[in-house]
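Everything below concerns the one structure shown next.
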Amino acid sequence: MSQPSLKGARWIVAGAGVLGASVAWKLAQAGADVVLCDPAAAGDNASGIAAGMLAPAMEAALDPETGLDFPALAAARDLWSSFAQEAGIALDRSGALLAGTHAERIAAQLAAIGAAHRILSGADAAVLSSGLTAAHPAVFTPEDWRLDAPAALACLTAAAQGAGVRVVLAALTGFEPGRAALSTGETLAADGLVAATGWGAATAWGASLAPELSVLVPIKGQILRSTAGPTDGPVVRGEGVYVAPGPQGAVIGATMQAGVSDRRIEPEAVQRLLTKASALFPSLADAPNTPSAAVRAASPDGLPLVGRSRKTGVLVAVGARRNGWLLAPMIAGEVVRLAAGQDAGLAAFDPGRFAAGTAVQARN
C-alpha cells in the first residue's frame, strides 16, 4: 500500500505521550503541518514513567484484560523493528523470564497461545539473569522485547520535530474544524485534531471535544527505579512484580489500581513492590530507589479507542491501557490512514463501539 499523502493538511495532536508523539511524527512524514501540544513537561506522563515493555507473550499469558491475543500483539511488536531504527531507539530483545512456583503453569499458557518458550531450572535462570536468586524454577520466552521509555520518548519527540512538528507546552482548550485554541491564548489553524491524551485531559474535555472519551476509566500505576539490580539480560517477572534491567539500575513495577486517578506515592504499595522484587534480586533490598506514579486510561473492554469521533474533524487515539508502547507504531499508521480519508483498518478499536445499542463485552 502506498504512503498516504497529507500535503497541506493542518493537524493538531493533543497529548505528547508515546501515542501522540508517534502520531505527530507520522502525520508530518505524510506531509501534514502538525502541532503537538501538551501542558506537562516532557516525559511527565504515563509513557515517560513506564518500563517500556513490548511484551506480547507475557501480556497475553498473564493479563486477560489486554483485549488482544498473542498473534495480534506479536504483529504490533514486529512493527517496532523498522519504527525504532528510523527513530533512533534502541530495542532490547533479551526476552522475559518468569520465576516462581507458577512457572510451569505459565509455560503451559505460553504453549497454548503459541509463544516460543523454554523451562529452566533455578540455577539456569540465575545464569541468564545476573543476581537472580537460584531458588525458583523459571520459564523463558524470547518473544518479549523492551526499550528505555524516557529515552525512547525523547527520541520520538526529536524525530517528530525533525519532520517539522512544532511542539507546544500548552493544553488544548477548544477545537472546531479550521480552528484550535490553546491554554496560552494562542489560536491555531487546524483542519483536524487527534486526541491522544491521557486520563486527565480526557476527563477535563468532557464531551465537548470527543464524546467517546467518556467511557475511559483511570488506572494508577506506581513504579520504582533502583540504583541496583541487573543491568542487562531479560526482564524477570515474579508473583505480582517485574524487574527490568537498565544501565543505571533496575526498573521495578508495577501496581495496577483501577479507578484511581491520583499520582500520590503510596509508601505501603512501594514497599510491597520492593519486597517482592528483593525476593528475586536480594541486592535491591537496601539500594536507593526513586518511586514514580502515573495514571493510564483504559476502555471497558481493554482495547484502545482508535478511529473517527462523532465530533467532526476529530480522530481518537487513546486508552491503550498498559500497552501504549507496544501498540504505538500500529496506532500511528492507522491514524495516518484515517487522516488521509482511508477506511479504518482496525475495526476492533472503533471508538464508537460503546455507543448505546452496540454490543460490547466488558472486561472486569
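By order in the C-alpha cells, chains are A, B, ...; within a chain, residues start at 1; ligands start at 1, following the order shown.
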
Just the residues within 7 Å of range 300-311 of chain A, please, counting only C-alpha atoms, with nothing from its chain fewer than 6 positions along; format it as an mmCIF file with C-alpha atoms, in the first residue's frame.
```cif
data_model
loop_
_atom_site.group_PDB
_atom_site.id
_atom_site.type_symbol
_atom_site.label_atom_id
_atom_site.label_comp_id
_atom_site.auth_asym_id
_atom_site.auth_seq_id
_atom_site.Cartn_x
_atom_site.Cartn_y
_atom_site.Cartn_z
ATOM 1 C CA GLU A 65 -7.767 -7.738 30.184
ATOM 2 C CA THR A 66 -5.239 -6.855 27.474
ATOM 3 C CA GLY A 67 -8.020 -7.444 24.961
ATOM 4 C CA LEU A 209 -14.063 17.630 22.023
ATOM 5 C CA ALA A 210 -14.545 13.863 21.705
ATOM 6 C CA GLU A 212 -16.186 8.789 23.026
ATOM 7 C CA ALA A 317 -6.057 7.513 19.728
ATOM 8 C CA VAL A 318 -6.364 6.823 23.450
ATOM 9 C CA GLY A 319 -6.935 4.167 26.082
ATOM 10 C CA ALA A 320 -4.160 1.678 25.318
ATOM 11 C CA ARG A 321 -4.091 0.682 28.993
ATOM 12 C CA PHE A 349 -10.521 -0.348 18.049
ATOM 13 C CA ASP A 350 -13.507 1.655 16.732
ATOM 14 C CA PRO A 351 -14.171 4.359 19.366
ATOM 15 C CA GLN A 361 -18.137 -7.442 26.081
ATOM 16 C CA ALA A 362 -16.654 -5.601 29.039
ATOM 17 C CA ARG A 363 -13.580 -6.983 30.784
#
```

Range 33-263 of chain A: which residues are alpha helix (DSSP H) by DSSP, as a short mmCIF file (atom, residue, chain, number, x, y, z; two decimals) with C-alpha atoms, in the first residue's frame?
```
data_model
loop_
_atom_site.label_atom_id
_atom_site.label_comp_id
_atom_site.auth_asym_id
_atom_site.auth_seq_id
_atom_site.Cartn_x
_atom_site.Cartn_y
_atom_site.Cartn_z
CA ALA A 46 2.43 7.55 31.79
CA SER A 47 4.58 6.89 28.71
CA GLY A 48 7.67 8.55 30.19
CA ILE A 49 7.31 6.81 33.55
CA PRO A 56 3.19 -9.81 23.60
CA ALA A 57 3.83 -13.17 25.23
CA MET A 58 3.62 -12.24 28.89
CA GLU A 59 0.79 -9.77 28.31
CA ALA A 60 -1.28 -12.42 26.56
CA ALA A 61 -0.45 -15.12 29.12
CA LEU A 62 -0.75 -13.06 32.30
CA PHE A 70 -0.81 -13.19 21.19
CA PRO A 71 -0.66 -13.14 17.36
CA ALA A 72 -2.12 -9.62 17.28
CA LEU A 73 0.25 -8.37 19.98
CA ALA A 74 3.22 -10.04 18.28
CA ALA A 75 2.31 -8.35 14.99
CA ALA A 76 2.32 -5.00 16.80
CA ARG A 77 5.72 -5.79 18.30
CA ASP A 78 7.18 -6.67 14.92
CA TRP A 80 8.90 -1.85 16.11
CA SER A 81 11.95 -3.14 14.22
CA SER A 82 11.79 -0.53 11.47
CA PHE A 83 9.97 2.06 13.60
CA ALA A 84 12.72 2.07 16.24
CA GLN A 85 15.53 2.08 13.70
CA GLU A 86 14.07 5.12 11.98
CA ALA A 87 13.57 6.98 15.27
CA ALA A 103 6.38 -21.08 36.16
CA GLU A 104 5.09 -24.46 34.99
CA ARG A 105 1.52 -23.16 34.74
CA ILE A 106 2.64 -20.09 32.76
CA ALA A 107 4.71 -22.33 30.48
CA ALA A 108 1.53 -24.23 29.66
CA GLN A 109 -0.25 -20.96 28.89
CA LEU A 110 2.59 -19.83 26.63
CA ALA A 111 2.41 -23.15 24.81
CA ALA A 112 -1.35 -22.77 24.39
CA ILE A 113 -1.05 -19.33 22.76
CA GLY A 122 16.56 -22.12 39.08
CA ALA A 123 20.30 -22.42 38.52
CA ASP A 124 19.98 -21.95 34.75
CA ALA A 125 17.71 -18.95 35.27
CA ALA A 126 20.31 -17.37 37.57
CA VAL A 127 22.92 -17.77 34.83
CA LEU A 128 20.64 -16.00 32.37
CA ALA A 149 10.85 4.54 27.93
CA PRO A 150 12.18 8.01 28.88
CA ALA A 151 14.96 7.83 26.28
CA ALA A 152 12.64 6.41 23.62
CA LEU A 153 10.03 9.13 24.20
CA ALA A 154 12.75 11.75 23.79
CA CYS A 155 13.81 10.08 20.52
CA LEU A 156 10.24 10.06 19.21
CA THR A 157 9.75 13.73 20.07
CA ALA A 158 13.05 14.61 18.38
CA ALA A 159 12.07 12.58 15.31
CA ALA A 160 8.76 14.44 15.17
CA GLN A 161 10.49 17.80 15.43
CA GLY A 162 12.94 16.72 12.76
CA TRP A 199 -6.74 10.27 31.55
CA GLY A 200 -6.54 13.81 32.96
CA ALA A 201 -7.10 15.74 29.73
CA ALA A 202 -9.71 13.30 28.51
CA THR A 203 -11.70 13.94 31.67
CA ALA A 204 -11.23 17.71 31.54
CA TRP A 205 -12.52 17.88 27.98
#
```

Show me, as a ChimeraX atom specification, the residues that have an atom within 9 Å of range 177-185 of chain A when counting only C-alpha atoms, minus same-chain residues fewer than 4 positions from it. /A:10,12,37,39,169-173,189-193,312-314

For those residues, write N, CA and C atoms to a file as a PDB file, in the first residue's frame.
```pdb
ATOM      1  N   ARG A  10      -3.549  20.534   7.931  1.00  0.00           N
ATOM      2  CA  ARG A  10      -3.100  21.104   9.206  1.00  0.00           C
ATOM      3  C   ARG A  10      -3.731  20.306  10.352  1.00  0.00           C
ATOM      4  N   ILE A  12      -3.656  19.177  14.597  1.00  0.00           N
ATOM      5  CA  ILE A  12      -3.254  19.332  15.986  1.00  0.00           C
ATOM      6  C   ILE A  12      -3.277  17.953  16.637  1.00  0.00           C
ATOM      7  N   CYS A  37       0.726  19.369  21.120  1.00  0.00           N
ATOM      8  CA  CYS A  37       0.594  20.174  22.330  1.00  0.00           C
ATOM      9  C   CYS A  37       0.341  19.310  23.552  1.00  0.00           C
ATOM     10  N   PRO A  39       0.412  20.163  28.099  1.00  0.00           N
ATOM     11  CA  PRO A  39       0.804  21.104  29.151  1.00  0.00           C
ATOM     12  C   PRO A  39       1.864  20.571  30.100  1.00  0.00           C
ATOM     13  N   LEU A 169       4.164  23.649  24.692  1.00  0.00           N
ATOM     14  CA  LEU A 169       3.863  23.328  26.083  1.00  0.00           C
ATOM     15  C   LEU A 169       2.565  24.046  26.467  1.00  0.00           C
ATOM     16  N   ALA A 170       1.453  23.441  26.130  1.00  0.00           N
ATOM     17  CA  ALA A 170       0.142  24.044  26.360  1.00  0.00           C
ATOM     18  C   ALA A 170      -0.924  22.980  26.246  1.00  0.00           C
ATOM     19  N   ALA A 171      -2.072  23.254  26.847  1.00  0.00           N
ATOM     20  CA  ALA A 171      -3.212  22.353  26.734  1.00  0.00           C
ATOM     21  C   ALA A 171      -4.128  22.817  25.617  1.00  0.00           C
ATOM     22  N   LEU A 172      -4.753  21.862  24.969  1.00  0.00           N
ATOM     23  CA  LEU A 172      -5.795  22.196  24.006  1.00  0.00           C
ATOM     24  C   LEU A 172      -7.066  22.546  24.784  1.00  0.00           C
ATOM     25  N   THR A 173      -7.656  23.713  24.496  1.00  0.00           N
ATOM     26  CA  THR A 173      -8.856  24.133  25.213  1.00  0.00           C
ATOM     27  C   THR A 173     -10.100  24.178  24.333  1.00  0.00           C
ATOM     28  N   ALA A 189      -4.636  27.557  13.180  1.00  0.00           N
ATOM     29  CA  ALA A 189      -5.383  26.995  12.055  1.00  0.00           C
ATOM     30  C   ALA A 189      -5.257  25.482  12.103  1.00  0.00           C
ATOM     31  N   ALA A 190      -6.383  24.790  12.041  1.00  0.00           N
ATOM     32  CA  ALA A 190      -6.352  23.331  12.183  1.00  0.00           C
ATOM     33  C   ALA A 190      -7.508  22.698  11.423  1.00  0.00           C
ATOM     34  N   ASP A 191      -7.171  21.817  10.507  1.00  0.00           N
ATOM     35  CA  ASP A 191      -8.203  21.070   9.784  1.00  0.00           C
ATOM     36  C   ASP A 191      -8.704  19.884  10.586  1.00  0.00           C
ATOM     37  N   GLY A 192      -7.837  19.335  11.430  1.00  0.00           N
ATOM     38  CA  GLY A 192      -8.213  18.155  12.188  1.00  0.00           C
ATOM     39  C   GLY A 192      -7.485  18.093  13.506  1.00  0.00           C
ATOM     40  N   LEU A 193      -8.039  17.305  14.418  1.00  0.00           N
ATOM     41  CA  LEU A 193      -7.471  17.092  15.746  1.00  0.00           C
ATOM     42  C   LEU A 193      -7.332  15.602  16.000  1.00  0.00           C
ATOM     43  N   THR A 312     -16.958  16.161  14.417  1.00  0.00           N
ATOM     44  CA  THR A 312     -16.389  16.385  13.083  1.00  0.00           C
ATOM     45  C   THR A 312     -14.942  16.861  13.180  1.00  0.00           C
ATOM     46  N   GLY A 313     -14.095  16.230  12.410  1.00  0.00           N
ATOM     47  CA  GLY A 313     -12.693  16.633  12.333  1.00  0.00           C
ATOM     48  C   GLY A 313     -11.802  16.031  13.388  1.00  0.00           C
ATOM     49  N   VAL A 314     -12.345  15.187  14.265  1.00  0.00           N
ATOM     50  CA  VAL A 314     -11.569  14.640  15.378  1.00  0.00           C
ATOM     51  C   VAL A 314     -11.303  13.149  15.172  1.00  0.00           C
TER      52      VAL A 314
END
```

Mind dumping a table of every range 179-266 of chain A residue within 8 Å of range 14-29 of chain A, with the nearest atom pair and its distance in Å to one decimal, using only C-alpha atoms, sorted by chain and rising number, as CSV?
```
residue,atom,partner,partner_atom,distance
A:Leu193,CA,A:Ala14,CA,7.4
A:Val194,CA,A:Ala14,CA,6.2
A:Ala195,CA,A:Ala14,CA,5.3
A:Ala196,CA,A:Gly15,CA,5.0
A:Thr197,CA,A:Gly15,CA,4.2
A:Gly198,CA,A:Gly15,CA,7.0
```

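The shortest atom-to-atom distance to Arg337 in chain A, with only C-alpha atoms taken into account, belongs to A:Leu315 out of A:Asp33, A:Gly88, A:Ala258, A:Leu315.
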
Strand (DSSP E) call set, DSSP backbone run, range 200-306 of chain A, as a PyMOL selection string: chain A and resi 217-226+235-238+241-244+251-253+257-258+289-298+305-306

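Closest approach to Leu284 in chain A among A:Ala244, A:Ala228, A:Ile331, A:Ala50 is made by A:Ala228 (distances from only C-alpha atoms).
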
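Closest to Arg225 in chain A among A:Thr187, A:Ser208, A:Gln271, A:Asn289 is A:Asn289, based on only C-alpha atoms.
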
Hey, what's within 7 Å of Ala99 in chain A if we count only C-alpha atoms and toss same-chain stuff fewer than 4 positions away? As a ChimeraX atom specification, please? /A:103,136-139,237-238

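Going from CA of Met256 in chain A over to CA of Gln222 in chain A, you cover 7.6 Å.
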
Report as a PyMOL selection string all protein, DNA and RNA residues lying within 7 Å of range 214-219 of chain A, evaluated on only C-alpha atoms, omitting residues in the same chain fewer than 5 positions from it. chain A and resi 199+206-207+256-261+295-299+319

Residues as selected, N, CA and C atoms, written as a PDB file, in the first residue's frame, can you do that?
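So again-v5.pdb came out as:
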```
ATOM      1  N   TRP A 199      -5.479  10.238  30.814  1.00  0.00           N
ATOM      2  CA  TRP A 199      -6.737  10.274  31.552  1.00  0.00           C
ATOM      3  C   TRP A 199      -7.137  11.697  31.938  1.00  0.00           C
ATOM      4  N   GLY A 206     -14.388  16.535  28.803  1.00  0.00           N
ATOM      5  CA  GLY A 206     -15.783  16.128  28.798  1.00  0.00           C
ATOM      6  C   GLY A 206     -16.191  15.686  27.396  1.00  0.00           C
ATOM      7  N   ALA A 207     -17.416  15.969  27.024  1.00  0.00           N
ATOM      8  CA  ALA A 207     -17.929  15.551  25.723  1.00  0.00           C
ATOM      9  C   ALA A 207     -17.714  16.600  24.648  1.00  0.00           C
ATOM     10  N   MET A 256      -1.277  -1.785  39.683  1.00  0.00           N
ATOM     11  CA  MET A 256      -2.387  -1.536  38.750  1.00  0.00           C
ATOM     12  C   MET A 256      -3.622  -1.294  39.615  1.00  0.00           C
ATOM     13  N   GLN A 257      -3.992  -0.023  39.789  1.00  0.00           N
ATOM     14  CA  GLN A 257      -5.091   0.339  40.675  1.00  0.00           C
ATOM     15  C   GLN A 257      -6.224   0.942  39.844  1.00  0.00           C
ATOM     16  N   ALA A 258      -7.139   0.095  39.412  1.00  0.00           N
ATOM     17  CA  ALA A 258      -8.245   0.547  38.574  1.00  0.00           C
ATOM     18  C   ALA A 258      -9.138   1.505  39.337  1.00  0.00           C
ATOM     19  N   GLY A 259      -9.538   2.580  38.650  1.00  0.00           N
ATOM     20  CA  GLY A 259     -10.432   3.561  39.244  1.00  0.00           C
ATOM     21  C   GLY A 259      -9.754   4.628  40.063  1.00  0.00           C
ATOM     22  N   VAL A 260      -8.432   4.558  40.198  1.00  0.00           N
ATOM     23  CA  VAL A 260      -7.692   5.539  40.996  1.00  0.00           C
ATOM     24  C   VAL A 260      -6.991   6.499  40.052  1.00  0.00           C
ATOM     25  N   SER A 261      -7.135   7.810  40.296  1.00  0.00           N
ATOM     26  CA  SER A 261      -6.619   8.793  39.339  1.00  0.00           C
ATOM     27  C   SER A 261      -5.651   9.792  39.939  1.00  0.00           C
ATOM     28  N   VAL A 295      -0.971   7.830  35.703  1.00  0.00           N
ATOM     29  CA  VAL A 295      -2.333   7.343  35.503  1.00  0.00           C
ATOM     30  C   VAL A 295      -2.546   7.042  34.030  1.00  0.00           C
ATOM     31  N   ARG A 296      -2.888   5.812  33.748  1.00  0.00           N
ATOM     32  CA  ARG A 296      -3.232   5.410  32.384  1.00  0.00           C
ATOM     33  C   ARG A 296      -4.737   5.503  32.185  1.00  0.00           C
ATOM     34  N   ALA A 297      -5.142   5.470  30.934  1.00  0.00           N
ATOM     35  CA  ALA A 297      -6.565   5.413  30.598  1.00  0.00           C
ATOM     36  C   ALA A 297      -6.866   4.070  29.960  1.00  0.00           C
ATOM     37  N   ALA A 298      -8.025   3.511  30.289  1.00  0.00           N
ATOM     38  CA  ALA A 298      -8.427   2.216  29.732  1.00  0.00           C
ATOM     39  C   ALA A 298      -9.902   2.260  29.361  1.00  0.00           C
ATOM     40  N   SER A 299     -10.255   1.460  28.377  1.00  0.00           N
ATOM     41  CA  SER A 299     -11.654   1.344  27.951  1.00  0.00           C
ATOM     42  C   SER A 299     -12.292   0.153  28.662  1.00  0.00           C
ATOM     43  N   GLY A 319      -6.433   5.317  25.346  1.00  0.00           N
ATOM     44  CA  GLY A 319      -6.935   4.167  26.082  1.00  0.00           C
ATOM     45  C   GLY A 319      -6.217   2.863  25.829  1.00  0.00           C
TER      46      GLY A 319
END
```

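Here CA of Trp325 in chain A stands at a distance of 13.5 Å from CA of Ala90 in chain A.
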
Selection near Gln248 in chain A, 10 Å with only C-alpha atoms, sequence-local residues under 5 positions removed, as a PyMOL selection string: chain A and resi 225-231

Residue selection dump (N, CA and C atoms) as a CSV table (one decimal), in the first residue's frame:
```
chain,number,residue,atom,x,y,z
A,225,ARG,N,12.5,3.1,40.3
A,225,ARG,CA,13.8,3.0,39.6
A,225,ARG,C,14.9,2.9,40.6
A,226,SER,N,15.6,1.7,40.6
A,226,SER,CA,16.6,1.4,41.6
A,226,SER,C,18.0,1.7,41.1
A,227,THR,N,18.9,1.9,42.0
A,227,THR,CA,20.3,2.1,41.6
A,227,THR,C,21.1,0.7,41.6
A,228,ALA,N,20.4,-0.4,41.9
A,228,ALA,CA,21.0,-1.7,41.9
A,228,ALA,C,20.2,-2.6,41.0
A,229,GLY,N,20.5,-3.9,41.0
A,229,GLY,CA,19.8,-4.9,40.2
A,229,GLY,C,20.5,-5.1,38.9
A,230,PRO,N,19.9,-6.0,38.0
A,230,PRO,CA,20.6,-6.3,36.8
A,230,PRO,C,20.6,-5.2,35.8
A,231,THR,N,21.7,-5.1,35.1
A,231,THR,CA,21.9,-4.0,34.1
A,231,THR,C,21.7,-4.5,32.7
```

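Shortest atom-to-atom contact with Ala41 in chain A among A:Val167, A:Leu338, A:Ala9, A:Ala116: A:Val167, counting only C-alpha atoms.
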
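If you measure from each of A:Val335, A:Ala355, A:Ala293, A:Ala344 to Asp44 in chain A using only C-alpha atoms, the closest one turns out to be A:Ala293.
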
Exercise: Ala254 in chain A partners within 8 Å, only C-alpha atoms, chain neighbours under 2 positions left out, as a PyMOL selection string: chain A and resi 221-224+240-242+252+256+273
